[in-house]
Every structure is written in C-alpha cells, then in structure tokens.
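*Asks:* Structure in structure tokens, see below.
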Amino acid sequence: MSSARLPVLLGVPHDASSSFLRGAALGPSRIREALASPSSNLYSESLEDIAGLQDHGDLPLRNGAGDRAVIEAAIRDRVATGQRPLSLGGDHSITYPILRALAPTHPGLTLLDIDAHPDLYTDFQGDRYSHACWLTRTLEEGLARRVVQVGIRGPTPEQEENAGHFGVEIIDMRAWAAGKRPAVEGPLYLTLDLDGIDPGFAPGVSHREPGGLTVREVITLIQTLPGPLVGADIVEYNPDQDWQDLTARVAAKLVKEVASRMATPDSPAC
Ligand SMILES: [Mn+2]
C-alpha cells in the first residue's frame, strides 16, 4: 500500500497547560520508542505498513504560552502542502491551536473527541488555555461544525451547561454501555485523549478516571470511522504515571490504527 496517503507524525511536547501533573511533554519520544520496539511490528491490523510514516520530529517548544503560536504555524505549514498531521501530545490543550490551523482549510469539520472529560470549562485555575478549556476555546471560535464526545465520565454542572450552550453531543459511558455509538460524517478530526480508555488498560495518564473504554472498543471505533480523516491527535500520555510501558504500547498501537485509517480515504476498513 502507498505510504503517500499516510499522515505525517508530529511530536508536540507541551504540558504547561496541565492542571494537575506534568509529564505529558515526555509523551512523544516515549511513544516513538514503543513504536520502534521489536516487541511488535509496524503493520496495522488491516495490513497497512506504518514503516512509511514520515516522522517530522518534535516541535521546538519552550513549554509556555508561546507554544500555541508555534503549534498553529507548524500545522498550517503542513496543511498548506496537503499533509495531514497525526500529532502526539503533550497535554490536551494542543488540540486548540491545531484546529485553528486546520479549520480554514476544512470548514464544516466534525470533531470526534474520545475522552473521560468534557474539557468544557470556561476557565480553569485562572488559565483559559488549560487542557480543561481547549474545547470551549475551539467552540467559541467556531472551529468545528459538530462535536461528538465519547467516553465521558467526569462531568461537572458548569461543563454540562457549556455542552448545552454549544450543542456538544456527549455519548457518556452510561450511554456507551447501553449501546449508543457516534453517527458521524466526514470530514473528521479525531482527538484521542488516552484517559478516555479505562486506567486498567492505560494507567499512564495524569487523570485516571475509572469506568472507561477498553482498548478494543477504541480500536473498533477508529477502524469503523467514516472518512476522510483530515487530522488526528493522541494526547495526555504521561510516562511518569505509566507502569511497565503499558500505556506507551497502547498509544503506539493506536498510532498504527489511526494512521492506517487515515490512509484509507473513503469507506471503513471493516
Ligand atoms: Mn481527559
């Protein structure tokens, strides 16, 4: 299969917008190590060869507020040349500048957010650009036409109110357990916060919230997404919180499956 259709991999080592624990800035390098480990191979389950994935390395970030402009410019550069970014966080705040760069080229975008948390605070601990606020900023600027969240199990009244205000569709874990699944159409952007997965499978995150998705459920969701996927990110991997690189392996597996899905433009692979 052609590697030209694969996304480009971009490390975004920023965790200055984390509200509880630092460590996610170490995520990109540790996910790359897991991807390169001889414990597995570089084929997705549908036999896409991920060895052709172009790795653009880590962005030169200073882990401060100025990083947002660097992230936005880097994504804009890649979009301008027809590349589709698969970004590795970093904390979840990075998704907002990524979407600022993508939205002008992809108006009418649907955002699928796999996450334990709504990230719909207006302001968190005095930081409007916190990883708990990125989706509010995204919606205020109209960067996505539709937002669907999956895996939610940490709501608060303020965030529920903002979800209602912005029309965010939330498939929380109770609805997921009852069989509800997202019905989305492309063009799609997928943001995958690893804490959407149950901490029993993925303990290496800063905010472990029990009662989440299985790795298999997330893989199936990725494999059955309608195309096209114009970009994706995998965020919130915190190596300091991991156990025996379990979560790095989960993240590497998801890199392969997301890249494979991005390489298949139209109908799902299964
Ligand atoms: Mn989260």
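Going through the structure tokens in order, the chains are called A, B, and so on, while each chain numbers its residues from 1 and the ligands are numbered from 1 in the order shown.
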Can you work out which residues are within 6 Å of ligand 1, considering only C-alpha atoms and all ligand atoms, and then hand them over as a short mmCIF file (atom, residue, chain, number, x, y, z; two decimals) with C-alpha atoms, in the first residue's frame?
*Replies:*
```
data_model
loop_
_atom_site.label_atom_id
_atom_site.label_comp_id
_atom_site.auth_asym_id
_atom_site.auth_seq_id
_atom_site.Cartn_x
_atom_site.Cartn_y
_atom_site.Cartn_z
CA ASP A 115 -12.00 11.50 26.45
CA ALA A 116 -13.03 10.88 30.06
CA HIS A 117 -13.55 14.61 30.48
CA ASP A 193 -7.19 11.57 24.97
CA ASP A 195 -7.68 8.89 29.62
#
```
*Asks:* Determine, using only C-alpha atoms, which residues of range 103-205 of chain A have any atom at most 10 Å from an atom of range 9-17 of chain A, and tabulate each with its shortest atom pair and distance in Å to one decimal place, rows ordered by chain and then rising number, as CSV.
*Replies:*
```
residue,atom,partner,partner_atom,distance
A:Phe124,CA,A:Ser17,CA,10.0
A:Asp127,CA,A:Ser17,CA,7.9
A:Arg128,CA,A:Ser17,CA,9.4
A:Tyr129,CA,A:Ser17,CA,6.7
A:Ser130,CA,A:Ser17,CA,4.6
A:His131,CA,A:Ser17,CA,5.5
A:Ala132,CA,A:Ser17,CA,8.5
A:Cys133,CA,A:Ser17,CA,9.6
A:Trp134,CA,A:Ser17,CA,9.8
```
*Asks:* Using only C-alpha atoms, determine which residues lie at most 12 Å from Thr214 in chain A, disregarding the query and same-chain residues fewer than 6 positions distant; provide the list as a ChimeraX atom specification.
*Replies:* /A:114,151,173,176-177,194-202,220-221,250
*Asks:* Could you give me, as JSON, numbers by chain, the residues within 12 Å of His106 in chain A, counting only C-alpha atoms and dropping anything in the same chain fewer than 3 positions from it?
*Replies:* {"A": [76, 79, 80, 82, 84, 99, 100, 101, 102, 103, 109, 110, 111, 142, 143, 144, 145, 186, 187, 188, 189, 228, 229, 230, 231]}
*Asks:* Taking 2 positions as the minimum chain separation for residues in the same chain, which residues sit within 9 Å of Ala34 in chain A when counting only C-alpha atoms? Answer as a VMD selection string.
*Replies:* chain A and resid 29 to 32 36 to 40 245 248 to 253
*Asks:* Okay, now the selection with N, CA and C atoms, as a PDB file, in the first residue's frame?
*Replies:*
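The resulting file, again.pdb, is shown below:
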```pdb
ATOM      1  N   SER A  29       8.314  11.225  22.653  1.00  0.00           N
ATOM      2  CA  SER A  29       9.525  10.398  22.492  1.00  0.00           C
ATOM      3  C   SER A  29       9.290   8.979  22.995  1.00  0.00           C
ATOM      4  N   ARG A  30       8.509   8.847  24.056  1.00  0.00           N
ATOM      5  CA  ARG A  30       8.280   7.505  24.605  1.00  0.00           C
ATOM      6  C   ARG A  30       7.320   6.694  23.728  1.00  0.00           C
ATOM      7  N   ILE A  31       6.405   7.370  23.065  1.00  0.00           N
ATOM      8  CA  ILE A  31       5.511   6.653  22.137  1.00  0.00           C
ATOM      9  C   ILE A  31       6.303   6.184  20.917  1.00  0.00           C
ATOM     10  N   ARG A  32       7.218   7.048  20.440  1.00  0.00           N
ATOM     11  CA  ARG A  32       8.082   6.632  19.318  1.00  0.00           C
ATOM     12  C   ARG A  32       8.912   5.405  19.679  1.00  0.00           C
ATOM     13  N   ALA A  36       8.903   1.770  17.819  1.00  0.00           N
ATOM     14  CA  ALA A  36      10.115   1.182  17.235  1.00  0.00           C
ATOM     15  C   ALA A  36      10.521  -0.124  17.914  1.00  0.00           C
ATOM     16  N   SER A  37       9.861  -0.471  18.994  1.00  0.00           N
ATOM     17  CA  SER A  37      10.273  -1.652  19.755  1.00  0.00           C
ATOM     18  C   SER A  37      10.078  -2.933  18.950  1.00  0.00           C
ATOM     19  N   PRO A  38      11.073  -3.811  18.988  1.00  0.00           N
ATOM     20  CA  PRO A  38      10.917  -5.094  18.283  1.00  0.00           C
ATOM     21  C   PRO A  38       9.890  -6.027  18.925  1.00  0.00           C
ATOM     22  N   SER A  39       9.244  -5.581  19.981  1.00  0.00           N
ATOM     23  CA  SER A  39       8.210  -6.427  20.584  1.00  0.00           C
ATOM     24  C   SER A  39       6.985  -6.530  19.688  1.00  0.00           C
ATOM     25  N   SER A  40       6.895  -5.638  18.688  1.00  0.00           N
ATOM     26  CA  SER A  40       5.752  -5.689  17.778  1.00  0.00           C
ATOM     27  C   SER A  40       6.251  -5.377  16.370  1.00  0.00           C
ATOM     28  N   ASP A 245       5.591   0.513  30.763  1.00  0.00           N
ATOM     29  CA  ASP A 245       5.327   0.972  29.396  1.00  0.00           C
ATOM     30  C   ASP A 245       4.016   0.461  28.799  1.00  0.00           C
ATOM     31  N   ALA A 248       2.362   3.240  26.886  1.00  0.00           N
ATOM     32  CA  ALA A 248       3.128   3.566  25.676  1.00  0.00           C
ATOM     33  C   ALA A 248       2.777   2.580  24.565  1.00  0.00           C
ATOM     34  N   ARG A 249       2.614   1.327  24.946  1.00  0.00           N
ATOM     35  CA  ARG A 249       2.247   0.309  23.953  1.00  0.00           C
ATOM     36  C   ARG A 249       0.835   0.544  23.412  1.00  0.00           C
ATOM     37  N   VAL A 250      -0.061   0.936  24.302  1.00  0.00           N
ATOM     38  CA  VAL A 250      -1.420   1.268  23.856  1.00  0.00           C
ATOM     39  C   VAL A 250      -1.366   2.439  22.868  1.00  0.00           C
ATOM     40  N   ALA A 251      -0.605   3.472  23.220  1.00  0.00           N
ATOM     41  CA  ALA A 251      -0.511   4.648  22.348  1.00  0.00           C
ATOM     42  C   ALA A 251       0.103   4.273  20.999  1.00  0.00           C
ATOM     43  N   ALA A 252       1.145   3.441  21.016  1.00  0.00           N
ATOM     44  CA  ALA A 252       1.791   3.038  19.755  1.00  0.00           C
ATOM     45  C   ALA A 252       0.817   2.240  18.885  1.00  0.00           C
ATOM     46  N   LYS A 253       0.065   1.371  19.503  1.00  0.00           N
ATOM     47  CA  LYS A 253      -0.954   0.597  18.774  1.00  0.00           C
ATOM     48  C   LYS A 253      -1.979   1.539  18.136  1.00  0.00           C
TER      49      LYS A 253
END
```
*Asks:* If we count only C-alpha atoms, what is near Ile98 in chain A at a cut-off of 8 Å, once residues fewer than 3 positions away on the same chain are taken out, given as a list in words?
*Replies:*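 Close residues of Ile98 in chain A: Ile71, Glu72, Ile75, Ile94, Thr95, Ala101 and Leu102 of chain A.
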*Asks:* Could you take the residues named above and write them with N, CA and C atoms, as a PDB file, in the first residue's frame?
*Replies:*
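part_35.pdb, written as the output of this step:
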```pdb
ATOM      1  N   ILE A  71       2.724  25.841  17.454  1.00  0.00           N
ATOM      2  CA  ILE A  71       1.943  24.665  17.044  1.00  0.00           C
ATOM      3  C   ILE A  71       1.052  25.021  15.853  1.00  0.00           C
ATOM      4  N   GLU A  72       0.359  26.148  15.977  1.00  0.00           N
ATOM      5  CA  GLU A  72      -0.564  26.564  14.914  1.00  0.00           C
ATOM      6  C   GLU A  72       0.185  26.770  13.588  1.00  0.00           C
ATOM      7  N   ILE A  75       1.306  23.379  12.036  1.00  0.00           N
ATOM      8  CA  ILE A  75       0.204  22.632  11.411  1.00  0.00           C
ATOM      9  C   ILE A  75      -0.220  23.326  10.116  1.00  0.00           C
ATOM     10  N   ILE A  94      -3.184  21.184  23.301  1.00  0.00           N
ATOM     11  CA  ILE A  94      -2.582  21.356  21.961  1.00  0.00           C
ATOM     12  C   ILE A  94      -3.614  21.244  20.839  1.00  0.00           C
ATOM     13  N   THR A  95      -4.758  20.635  21.135  1.00  0.00           N
ATOM     14  CA  THR A  95      -5.758  20.424  20.072  1.00  0.00           C
ATOM     15  C   THR A  95      -6.339  21.753  19.577  1.00  0.00           C
ATOM     16  N   ALA A 101      -5.426  25.953  12.983  1.00  0.00           N
ATOM     17  CA  ALA A 101      -4.690  25.856  11.724  1.00  0.00           C
ATOM     18  C   ALA A 101      -5.455  25.064  10.668  1.00  0.00           C
ATOM     19  N   LEU A 102      -6.235  24.092  11.108  1.00  0.00           N
ATOM     20  CA  LEU A 102      -6.950  23.226  10.158  1.00  0.00           C
ATOM     21  C   LEU A 102      -8.268  23.814   9.668  1.00  0.00           C
TER      22      LEU A 102
END
```
*Asks:* In Å, with one decimal, what is the gap from CA of Leu112 in chain A to CA of Val148 in chain A?
*Replies:*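 A separation of 5.0 Å between them.
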*Asks:* Using only C-alpha atoms, find the one residue out of A:Gln223, A:Thr105, A:Gln241, A:Ser44 that sits nearest to Gly204 in chain A.
*Replies:*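 Distance minimum relative to Gly204 in chain A lands on A:Gln241.
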*Asks:* Can you list, as number ranges by chain, all residues belonging to range 88-242 of chain A that DSSP tags as strand (DSSP E or B)?
*Replies:* A: 88-89, 110-114, 124, 127, 146-152, 169-172, 188-193, 197, 213, 229-235
*Asks:* Here is a test: counting only C-alpha atoms, which residue of A:Arg153, A:Leu42, A:Thr191, A:Val168 is nearest to Ser93 in chain A?
*Replies:*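 Once distances to Ser93 in chain A are computed over only C-alpha atoms, the minimum belongs to A:Thr191.
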*Asks:* Where in range 21-265 of chain A does DSSP assign helix (DSSP H, G or I), given as a PyMOL selection string?
*Replies:* chain A and resi 24-36+50-52+67-80+92-102+134-140+157-166+173-177+194-196+215-223+239-241+246-262
*Asks:* Smallest atom-to-atom distance to Gly227 in chain A: which of A:Leu120, A:Val8, A:Val258, A:Val147, using only C-alpha atoms?
*Replies:*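 The shortest atom-to-atom distance to Gly227 in chain A comes from A:Val258.
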*Asks:* Quick one: everything within 10 Å of range 47-55 of chain A, counting only C-alpha atoms, minus sequence neighbours fewer than 3 positions away in the same chain. Send it as a ChimeraX atom specification.
*Replies:* /A:1-11,32,35-36,41-44,58,86,255-257,259-261,263-264
*Asks:* Within 10 Å of range 20-26 of chain A, which residues of range 78-139 of chain A come that close, and what is the closest atom pair and distance in Å for each? Count only C-alpha atoms and give it as a tab-separated table.
*Replies:*
```
residue	atom	partner	partner_atom	distance
A:Leu88	CA	A:Ala25	CA	9.5
A:Gly89	CA	A:Ala24	CA	6.7
A:Gly90	CA	A:Ala25	CA	4.8
A:Asp91	CA	A:Ala24	CA	5.8
A:His92	CA	A:Ala24	CA	9.4
```
*Asks:* Keeping only N, CA, C and O atoms, write the selected residues as a PDB file, in the first residue's frame.
*Replies:*
```pdb
ATOM      1  N   LEU A  88       1.287  13.937  18.303  1.00  0.00           N
ATOM      2  CA  LEU A  88       1.416  13.241  19.577  1.00  0.00           C
ATOM      3  C   LEU A  88       1.644  14.263  20.681  1.00  0.00           C
ATOM      4  O   LEU A  88       2.614  15.029  20.634  1.00  0.00           O
ATOM      5  N   GLY A  89       0.720  14.275  21.674  1.00  0.00           N
ATOM      6  CA  GLY A  89       0.905  15.180  22.806  1.00  0.00           C
ATOM      7  C   GLY A  89       1.851  14.592  23.811  1.00  0.00           C
ATOM      8  O   GLY A  89       2.312  13.472  23.667  1.00  0.00           O
ATOM      9  N   GLY A  90       2.112  15.388  24.756  1.00  0.00           N
ATOM     10  CA  GLY A  90       1.544  16.671  25.085  1.00  0.00           C
ATOM     11  C   GLY A  90       0.161  16.552  25.745  1.00  0.00           C
ATOM     12  O   GLY A  90      -0.519  15.543  25.675  1.00  0.00           O
ATOM     13  N   ASP A  91      -0.158  17.645  26.465  1.00  0.00           N
ATOM     14  CA  ASP A  91      -1.477  17.658  27.095  1.00  0.00           C
ATOM     15  C   ASP A  91      -2.538  18.074  26.069  1.00  0.00           C
ATOM     16  O   ASP A  91      -2.224  18.455  24.940  1.00  0.00           O
ATOM     17  N   HIS A  92      -3.805  17.983  26.488  1.00  0.00           N
ATOM     18  CA  HIS A  92      -4.898  18.130  25.525  1.00  0.00           C
ATOM     19  C   HIS A  92      -5.062  19.562  25.021  1.00  0.00           C
ATOM     20  O   HIS A  92      -5.763  19.792  24.033  1.00  0.00           O
TER      21      HIS A  92
END
```
